[in-house]
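In what follows, a single structure is set out as structure tokens and then discussed.
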Amino acid sequence: MTNQAQILPGTLDLLILKAVSLGPLHGYGVLLRIGQISEAALLIEQGALYPALFRLVRQGLLRANWGISENNRRAKFYELTAAGRRRLQEQTAGWNRLAAAMASALAAQPEEL
Amino acid sequence: MSPFAWLRCAGRALLPRSASAGDIDEALRSHLLHRADDLEHSGLPRAEAERRARIEFGAYQRYREESHEALGFAGLDSFLGDLRFSLRTLMKSPGVAITAILTLALAIGANAVVFAVLNGLILRPLNLPQAASLYGIEHGTDYGALSYPNYVDIRDRNRSFQSLAACTINRPVFDTGNNPTQAWTVEASGNYFDALQIRPFLGRFFHASDEHGPNSAPWVVLSWAWWHSHFHDDRSVIGRKVLISRRPFTVIGVTPPSFQGTLLFFVPDMFVPMVDAPEINGWDGLSDRSNRWVFESLGHLRPGVTPTQAAADLDSIGVYLEKTYPGDYSHREFRLINPALYGSFLGNPIRGFVTGLMLLAGLILLAACANLGSLFAARASDRSREVALRLALGSSRRRIVRQLMTEALLISVAGGTVGVAISVALLRRLSVWRPLPTIPVHLPVTPDARVYLVALLLALVSGVLFGLVPVRQVLRADPWEIVKAGSGGRIAGKSGLRDTLLVVQIAVCALMVTSSLVALRGLLRSLHANFGFDPQHVVLAQIDLSMAGYHNDQVAAIQKRILDTVRALPGVKSAATTDNAPLIPSEEREPVYREEAHDLRVSQAAAMPFRYIISPDYFEAAGTPLLAGRAFTQHDDLSSPRVAIVNEQFARGVLGSASGAIGRYFRLGDGTRVQVVGLVPDGKYLSLTEDPQPAMFVPVLQKPWGQTTLVVRGAGDPQALVAPLRNTLRGIDPGMSAEIHPWTEELDYALFGSRVTVLALSVLGLMGLMLAATGIFGMASYAVSQRMRELGIRMALGAQRTEILETALGRALRLLALGSAAGLVLGILASRGLAFLIYEPSPGDPLVLAGVGLTMLLLGLIAAWIPAHRAISIDPLALLREE
């Protein structure tokens, strides 16, 4: 457990957009891809993925279509829409700024003040 | 399939496929299967893999719900959830649910019925093409009546109407050869059907071009209903010869079934050209400007002409008429009216009455809402623990309020549905009801879409109204306090609001009771009022001798023959004739002048008394006492000086005083001097609510008149005279048709308004009483159940029964007294508005006041009986053990 981190509120949407941007995925595939790209460091309850997925579909950031998975099962496949791609870029930039600011703030030493 | 599953299916069908609830389930299950596949690959048995997949997934239902919400259609499912929960809670207390639904059903049913009447009589236009531009005309205080020559002048001179048609109603004898029957016949101007834009169902109609002077168009158009019932849809009827008033006529057409004339609740049997009136009526009214027998003139306004402009146009014709014919009635102050209700004659009282009823029905609904509001507030308070628990467990207040509202709306829709069902049944009966025996009156009140819509709206609005009452309570509730307080804990019920609601409700009820008692008392008094005649034991037979083919000089002979034969019948004490009997719908007035008057223009008349043309024994047969002078004799005929008998009002107005009236003279419009030989008391002539009116009686031997009403006084039940009388008349002339009814029955017309008022007010009053009773009952039993423990302890400590009762019910009874007093005052004020419907309303009547007081007291006793019984039979030991 110690090498895993609870994700921050609001970051799940960004992770999903990122995961899907690397190629269309079905729901379970999104989960696997997030685990893969975060090197299993982020802890997501599996079910929590779905409200987020549906929310993104409703916001028009993802497009969903039924298809057949590699396991030969029916599954819903998600891909980014143009709006989704824009949102991903914006949020990635925003996140990077925040992370840099947080990192530099947390790295501050007394002598730098 | 349960209703919920059905609803959900329906909901799903309405939403796009990609977003349906089933879609979500499938996506989630697909995830579980993929995860289980992976776990199976890593060596777990399939069953174990699936179990693990479910565990790892987390709270399936929660994520499913959240997904629904994420997709934005949580509404339907959670609404269905609310609905299901509401149904369950209501089922748990069926008594409350049924009471609430029935209360609302009655209130909404009453509103739907009254609104349907309002809709049918006032809002809905006549079923005619372009009814919006169709107007009738009336002028001065004379409603629509015109003489034929004046109608023709107005028709030809006005620039406002496309075509001004005229019609009048008559009841000649219609005969196809062997079956004389009286038929309600519209005598219509030639342009009538064209002006109204009606096309024949069969054959053809008559037109303006068919009018070539008196009796030039002996044609008759049948109504569809008459054709259907008397000719059995026989299409070969066109061209058939028939007799009307014993003159030959030819059937030329049949009107379409939807055409029912231009008066809303009068359905004519047939239509004849007005130019045939002399032949049908037996007298020539076509050239006489003083005889205003044309009942109504109406037509479509030209495009762009407003009613005000049209009235000004007509007024200028009135000025012309006055200049050209100075002796004529004045024609000023024209108004354009809704022809359906004959303008202000019926329109104003009906509009006033129905609007008043609508107001009362609205009050009933308001009282029902108040009732249910306090019921719901009490329930919310009793359910405070449930509400508190839900709040403590994280349910939002919005959600709880929504749940309560769903419950209220469920009840209101159920109540509304039941109410509409009741009202539809009632309205069906009302629209086939024939309230008056001799007149083909019907009420066109079949409900239409508008009625259903209004009922639904009322149901929803009242649901919201009473559903909102407990909301404030819930929003303010502090869950911790309630849970801590244990079973006795309640949401701090604002009893102030509930008390106010109850007082309002009781006041509404007392108002209804007051006005219905005032109306009832008026009706009872009017039954024993001084009519100026005694209708008991009298039979009236209405015969039109001119329409039966007797003219001028023949009339006296046939009248004498009829009277001699009728007097010989066993059981007949006296018999006489008059042209019209008083209080029967007819209005014959004639201008009279003082003896010294020289200016005999109608506008200068001393009075416009009702005029009755009677045979010598009329006063004896009618039961009218002679105050002074003498009755007519057989010698008051055309060869002797003209004489009249007048009533006191006439004597006071025209002759100066009642005491010196005998022997004085007055003049008629043609200058004839008439001597007053007798004086009778004032009576009622047209309606029971009229002020004292002047009346004069002239001998039929000096003014031969075909229209005849036989007044036959017997000793016992007048009904027993009807059949012998009918046989006698048939024996004298089989072609003569008569309407024969006891006089008391004929008074139905005069009493109709008061009867309907009393009926409507009583029904509404009764509903108000029921509502107030349930309201007081609810409040009292709630008060008792809330204070059960306190009462038990006080009882254990030795409190007297009266003290217990005072504690338990004092408040409810004080509210009752307050509400009743307020309602009584309001009712007394409102009853003054009943004056035009009710015979001498006297709201200050001690009997009425006592009646209202007694009713409200009884109501309080009945409603508080059970709770009071519960309060005094509390067993303190059992109660304390329970805690």
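Following the order of the structure tokens, chains are lettered A, B, ..., residues in each are numbered from 1, and ligands are numbered from 1.
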
Sel. of helix (DSSP H, G or I) residues, range 8-74 of chain A, as a PDB file with N, CA and C atoms, in the first residue's frame:
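Saved to result12.pdb:
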```
ATOM      1  N   THR A  11      -8.419  14.842 -10.445  1.00  0.00           N
ATOM      2  CA  THR A  11      -7.336  14.411 -11.337  1.00  0.00           C
ATOM      3  C   THR A  11      -7.721  13.178 -12.147  1.00  0.00           C
ATOM      4  N   LEU A  12      -8.794  12.482 -11.707  1.00  0.00           N
ATOM      5  CA  LEU A  12      -9.173  11.255 -12.405  1.00  0.00           C
ATOM      6  C   LEU A  12      -9.568  11.558 -13.854  1.00  0.00           C
ATOM      7  N   ASP A  13     -10.315  12.645 -14.044  1.00  0.00           N
ATOM      8  CA  ASP A  13     -10.752  12.999 -15.396  1.00  0.00           C
ATOM      9  C   ASP A  13      -9.543  13.189 -16.314  1.00  0.00           C
ATOM     10  N   LEU A  14      -8.532  13.878 -15.777  1.00  0.00           N
ATOM     11  CA  LEU A  14      -7.331  14.159 -16.573  1.00  0.00           C
ATOM     12  C   LEU A  14      -6.619  12.858 -16.933  1.00  0.00           C
ATOM     13  N   LEU A  15      -6.529  11.953 -15.950  1.00  0.00           N
ATOM     14  CA  LEU A  15      -5.873  10.659 -16.194  1.00  0.00           C
ATOM     15  C   LEU A  15      -6.598   9.882 -17.278  1.00  0.00           C
ATOM     16  N   ILE A  16      -7.954   9.909 -17.213  1.00  0.00           N
ATOM     17  CA  ILE A  16      -8.736   9.172 -18.206  1.00  0.00           C
ATOM     18  C   ILE A  16      -8.490   9.751 -19.591  1.00  0.00           C
ATOM     19  N   LEU A  17      -8.528  11.095 -19.689  1.00  0.00           N
ATOM     20  CA  LEU A  17      -8.312  11.740 -20.988  1.00  0.00           C
ATOM     21  C   LEU A  17      -6.945  11.336 -21.542  1.00  0.00           C
ATOM     22  N   LYS A  18      -5.954  11.338 -20.652  1.00  0.00           N
ATOM     23  CA  LYS A  18      -4.587  10.987 -21.081  1.00  0.00           C
ATOM     24  C   LYS A  18      -4.558   9.548 -21.579  1.00  0.00           C
ATOM     25  N   ALA A  19      -5.162   8.652 -20.785  1.00  0.00           N
ATOM     26  CA  ALA A  19      -5.140   7.229 -21.131  1.00  0.00           C
ATOM     27  C   ALA A  19      -5.786   7.018 -22.486  1.00  0.00           C
ATOM     28  N   VAL A  20      -6.923   7.657 -22.707  1.00  0.00           N
ATOM     29  CA  VAL A  20      -7.652   7.439 -23.960  1.00  0.00           C
ATOM     30  C   VAL A  20      -6.931   8.109 -25.126  1.00  0.00           C
ATOM     31  N   SER A  21      -6.183   9.168 -24.837  1.00  0.00           N
ATOM     32  CA  SER A  21      -5.509   9.883 -25.928  1.00  0.00           C
ATOM     33  C   SER A  21      -4.460   8.999 -26.598  1.00  0.00           C
ATOM     34  N   GLY A  27     -13.735   0.284 -21.199  1.00  0.00           N
ATOM     35  CA  GLY A  27     -13.671   0.720 -19.807  1.00  0.00           C
ATOM     36  C   GLY A  27     -12.575   0.052 -19.015  1.00  0.00           C
ATOM     37  N   TYR A  28     -12.548  -1.294 -19.064  1.00  0.00           N
ATOM     38  CA  TYR A  28     -11.530  -2.019 -18.299  1.00  0.00           C
ATOM     39  C   TYR A  28     -10.140  -1.684 -18.809  1.00  0.00           C
ATOM     40  N   GLY A  29     -10.060  -1.479 -20.140  1.00  0.00           N
ATOM     41  CA  GLY A  29      -8.792  -1.092 -20.754  1.00  0.00           C
ATOM     42  C   GLY A  29      -8.281   0.235 -20.215  1.00  0.00           C
ATOM     43  N   VAL A  30      -9.205   1.183 -19.962  1.00  0.00           N
ATOM     44  CA  VAL A  30      -8.803   2.481 -19.411  1.00  0.00           C
ATOM     45  C   VAL A  30      -8.128   2.257 -18.066  1.00  0.00           C
ATOM     46  N   LEU A  31      -8.742   1.381 -17.263  1.00  0.00           N
ATOM     47  CA  LEU A  31      -8.194   1.106 -15.937  1.00  0.00           C
ATOM     48  C   LEU A  31      -6.776   0.536 -16.050  1.00  0.00           C
ATOM     49  N   LEU A  32      -6.635  -0.447 -16.979  1.00  0.00           N
ATOM     50  CA  LEU A  32      -5.323  -1.085 -17.147  1.00  0.00           C
ATOM     51  C   LEU A  32      -4.290  -0.065 -17.619  1.00  0.00           C
ATOM     52  N   ARG A  33      -4.728   0.787 -18.585  1.00  0.00           N
ATOM     53  CA  ARG A  33      -3.790   1.751 -19.146  1.00  0.00           C
ATOM     54  C   ARG A  33      -3.323   2.741 -18.076  1.00  0.00           C
ATOM     55  N   ILE A  34      -4.264   3.182 -17.203  1.00  0.00           N
ATOM     56  CA  ILE A  34      -3.869   4.109 -16.146  1.00  0.00           C
ATOM     57  C   ILE A  34      -2.858   3.447 -15.211  1.00  0.00           C
ATOM     58  N   GLY A  35      -3.153   2.162 -14.896  1.00  0.00           N
ATOM     59  CA  GLY A  35      -2.216   1.442 -14.041  1.00  0.00           C
ATOM     60  C   GLY A  35      -0.847   1.375 -14.692  1.00  0.00           C
ATOM     61  N   GLN A  36      -0.876   1.129 -16.026  1.00  0.00           N
ATOM     62  CA  GLN A  36       0.372   0.966 -16.766  1.00  0.00           C
ATOM     63  C   GLN A  36       1.164   2.264 -16.801  1.00  0.00           C
ATOM     64  N   ILE A  37       0.500   3.384 -17.183  1.00  0.00           N
ATOM     65  CA  ILE A  37       1.265   4.629 -17.358  1.00  0.00           C
ATOM     66  C   ILE A  37       1.641   5.256 -16.019  1.00  0.00           C
ATOM     67  N   GLN A  46     -12.123   0.519  -8.765  1.00  0.00           N
ATOM     68  CA  GLN A  46     -12.458   0.260 -10.169  1.00  0.00           C
ATOM     69  C   GLN A  46     -13.773   0.919 -10.585  1.00  0.00           C
ATOM     70  N   GLY A  47     -14.773   0.786  -9.707  1.00  0.00           N
ATOM     71  CA  GLY A  47     -16.102   1.324 -10.057  1.00  0.00           C
ATOM     72  C   GLY A  47     -16.104   2.829 -10.250  1.00  0.00           C
ATOM     73  N   ALA A  48     -15.202   3.520  -9.545  1.00  0.00           N
ATOM     74  CA  ALA A  48     -15.201   4.988  -9.581  1.00  0.00           C
ATOM     75  C   ALA A  48     -14.908   5.513 -10.972  1.00  0.00           C
ATOM     76  N   LEU A  49     -14.325   4.618 -11.790  1.00  0.00           N
ATOM     77  CA  LEU A  49     -13.979   5.005 -13.148  1.00  0.00           C
ATOM     78  C   LEU A  49     -15.239   5.397 -13.950  1.00  0.00           C
ATOM     79  N   TYR A  50     -16.322   4.683 -13.695  1.00  0.00           N
ATOM     80  CA  TYR A  50     -17.468   4.793 -14.618  1.00  0.00           C
ATOM     81  C   TYR A  50     -18.233   6.111 -14.529  1.00  0.00           C
ATOM     82  N   PRO A  51     -18.575   6.571 -13.314  1.00  0.00           N
ATOM     83  CA  PRO A  51     -19.219   7.894 -13.283  1.00  0.00           C
ATOM     84  C   PRO A  51     -18.371   8.922 -14.003  1.00  0.00           C
ATOM     85  N   ALA A  52     -17.021   8.824 -13.848  1.00  0.00           N
ATOM     86  CA  ALA A  52     -16.142   9.794 -14.498  1.00  0.00           C
ATOM     87  C   ALA A  52     -16.212   9.639 -16.015  1.00  0.00           C
ATOM     88  N   LEU A  53     -16.186   8.377 -16.496  1.00  0.00           N
ATOM     89  CA  LEU A  53     -16.259   8.141 -17.941  1.00  0.00           C
ATOM     90  C   LEU A  53     -17.548   8.723 -18.517  1.00  0.00           C
ATOM     91  N   PHE A  54     -18.668   8.433 -17.835  1.00  0.00           N
ATOM     92  CA  PHE A  54     -19.956   8.906 -18.361  1.00  0.00           C
ATOM     93  C   PHE A  54     -20.039  10.425 -18.322  1.00  0.00           C
ATOM     94  N   ARG A  55     -19.420  11.002 -17.277  1.00  0.00           N
ATOM     95  CA  ARG A  55     -19.443  12.461 -17.181  1.00  0.00           C
ATOM     96  C   ARG A  55     -18.701  13.072 -18.376  1.00  0.00           C
ATOM     97  N   LEU A  56     -17.543  12.467 -18.717  1.00  0.00           N
ATOM     98  CA  LEU A  56     -16.758  12.994 -19.833  1.00  0.00           C
ATOM     99  C   LEU A  56     -17.505  12.822 -21.161  1.00  0.00           C
ATOM    100  N   VAL A  57     -18.229  11.697 -21.266  1.00  0.00           N
ATOM    101  CA  VAL A  57     -19.021  11.486 -22.488  1.00  0.00           C
ATOM    102  C   VAL A  57     -20.082  12.579 -22.589  1.00  0.00           C
ATOM    103  N   ARG A  58     -20.717  12.842 -21.447  1.00  0.00           N
ATOM    104  CA  ARG A  58     -21.797  13.827 -21.471  1.00  0.00           C
ATOM    105  C   ARG A  58     -21.273  15.220 -21.789  1.00  0.00           C
TER     106      ARG A  58
END
```

Pull out every residue of chain B that has at least one atom within 7 Å of chain A, counting only C-alpha atoms, and report them as a PDB file with N, CA and C atoms, in the first residue's frame.
```pdb
ATOM      1  N   ALA B  27     -22.309  -1.684 -19.563  1.00  0.00           N
ATOM      2  CA  ALA B  27     -20.918  -1.225 -19.518  1.00  0.00           C
ATOM      3  C   ALA B  27     -20.240  -1.713 -18.234  1.00  0.00           C
ATOM      4  N   SER B  30     -19.700  -5.451 -18.387  1.00  0.00           N
ATOM      5  CA  SER B  30     -18.615  -5.744 -19.316  1.00  0.00           C
ATOM      6  C   SER B  30     -17.270  -5.610 -18.591  1.00  0.00           C
ATOM      7  N   HIS B  31     -17.164  -4.577 -17.743  1.00  0.00           N
ATOM      8  CA  HIS B  31     -15.954  -4.371 -16.959  1.00  0.00           C
ATOM      9  C   HIS B  31     -15.695  -5.578 -16.058  1.00  0.00           C
ATOM     10  N   HIS B  34     -14.444  -8.571 -17.999  1.00  0.00           N
ATOM     11  CA  HIS B  34     -13.051  -8.448 -18.429  1.00  0.00           C
ATOM     12  C   HIS B  34     -12.095  -8.669 -17.269  1.00  0.00           C
ATOM     13  N   GLU B  56     -13.509  -6.161  -6.034  1.00  0.00           N
ATOM     14  CA  GLU B  56     -12.599  -5.089  -6.427  1.00  0.00           C
ATOM     15  C   GLU B  56     -13.335  -3.902  -7.016  1.00  0.00           C
ATOM     16  N   PHE B  57     -14.482  -4.188  -7.666  1.00  0.00           N
ATOM     17  CA  PHE B  57     -15.216  -3.111  -8.331  1.00  0.00           C
ATOM     18  C   PHE B  57     -15.719  -2.077  -7.335  1.00  0.00           C
ATOM     19  N   GLY B  58     -16.044  -2.518  -6.125  1.00  0.00           N
ATOM     20  CA  GLY B  58     -16.579  -1.592  -5.116  1.00  0.00           C
ATOM     21  C   GLY B  58     -18.095  -1.603  -5.130  1.00  0.00           C
ATOM     22  N   TYR B  60     -21.304  -1.466  -6.291  1.00  0.00           N
ATOM     23  CA  TYR B  60     -21.861  -1.472  -7.642  1.00  0.00           C
ATOM     24  C   TYR B  60     -23.041  -0.501  -7.770  1.00  0.00           C
ATOM     25  N   TYR B  63     -22.039   3.201  -7.730  1.00  0.00           N
ATOM     26  CA  TYR B  63     -21.430   3.683  -8.964  1.00  0.00           C
ATOM     27  C   TYR B  63     -22.446   3.731 -10.087  1.00  0.00           C
ATOM     28  N   GLU B  66     -24.364   6.856  -9.526  1.00  0.00           N
ATOM     29  CA  GLU B  66     -23.545   8.023  -9.868  1.00  0.00           C
ATOM     30  C   GLU B  66     -23.390   8.147 -11.377  1.00  0.00           C
ATOM     31  N   SER B  67     -23.318   6.982 -12.042  1.00  0.00           N
ATOM     32  CA  SER B  67     -23.209   7.029 -13.496  1.00  0.00           C
ATOM     33  C   SER B  67     -24.477   7.628 -14.097  1.00  0.00           C
ATOM     34  N   ALA B  70     -24.261  11.170 -13.647  1.00  0.00           N
ATOM     35  CA  ALA B  70     -23.250  11.739 -14.528  1.00  0.00           C
ATOM     36  C   ALA B  70     -23.820  11.907 -15.927  1.00  0.00           C
ATOM     37  N   LEU B  71     -24.675  10.970 -16.316  1.00  0.00           N
ATOM     38  CA  LEU B  71     -25.267  11.069 -17.648  1.00  0.00           C
ATOM     39  C   LEU B  71     -26.443  12.040 -17.666  1.00  0.00           C
TER      40      LEU B  71
END
```

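In this model, the gap between CA of Ile874 in chain B and CA of Ala780 in chain B comes to 15.0 Å.
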
Worksheet item: Nearest to Thr672 in chain B among B:Phe376, B:Tyr593, B:Phe619, B:Trp705, with distances taken over only C-alpha atoms: which residue is it?
Response: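 So, comparing all the options, the nearest one is B:Tyr593.
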
So the first atom is CA of Thr250 in chain B and the second is CA of His230 in chain B; what is the distance between them in Å, to one decimal place?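 If I compute the distance from CA of Thr250 in chain B to CA of His230 in chain B, I get 15.6 Å.
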
Practice task
Identify all residues of range 244-418 of chain B in strand (DSSP E or B) (DSSP on the backbone) and supply them as number ranges by chain.
Solution key: B: 244, 247-254, 266, 270-273, 294, 296-301, 334-337
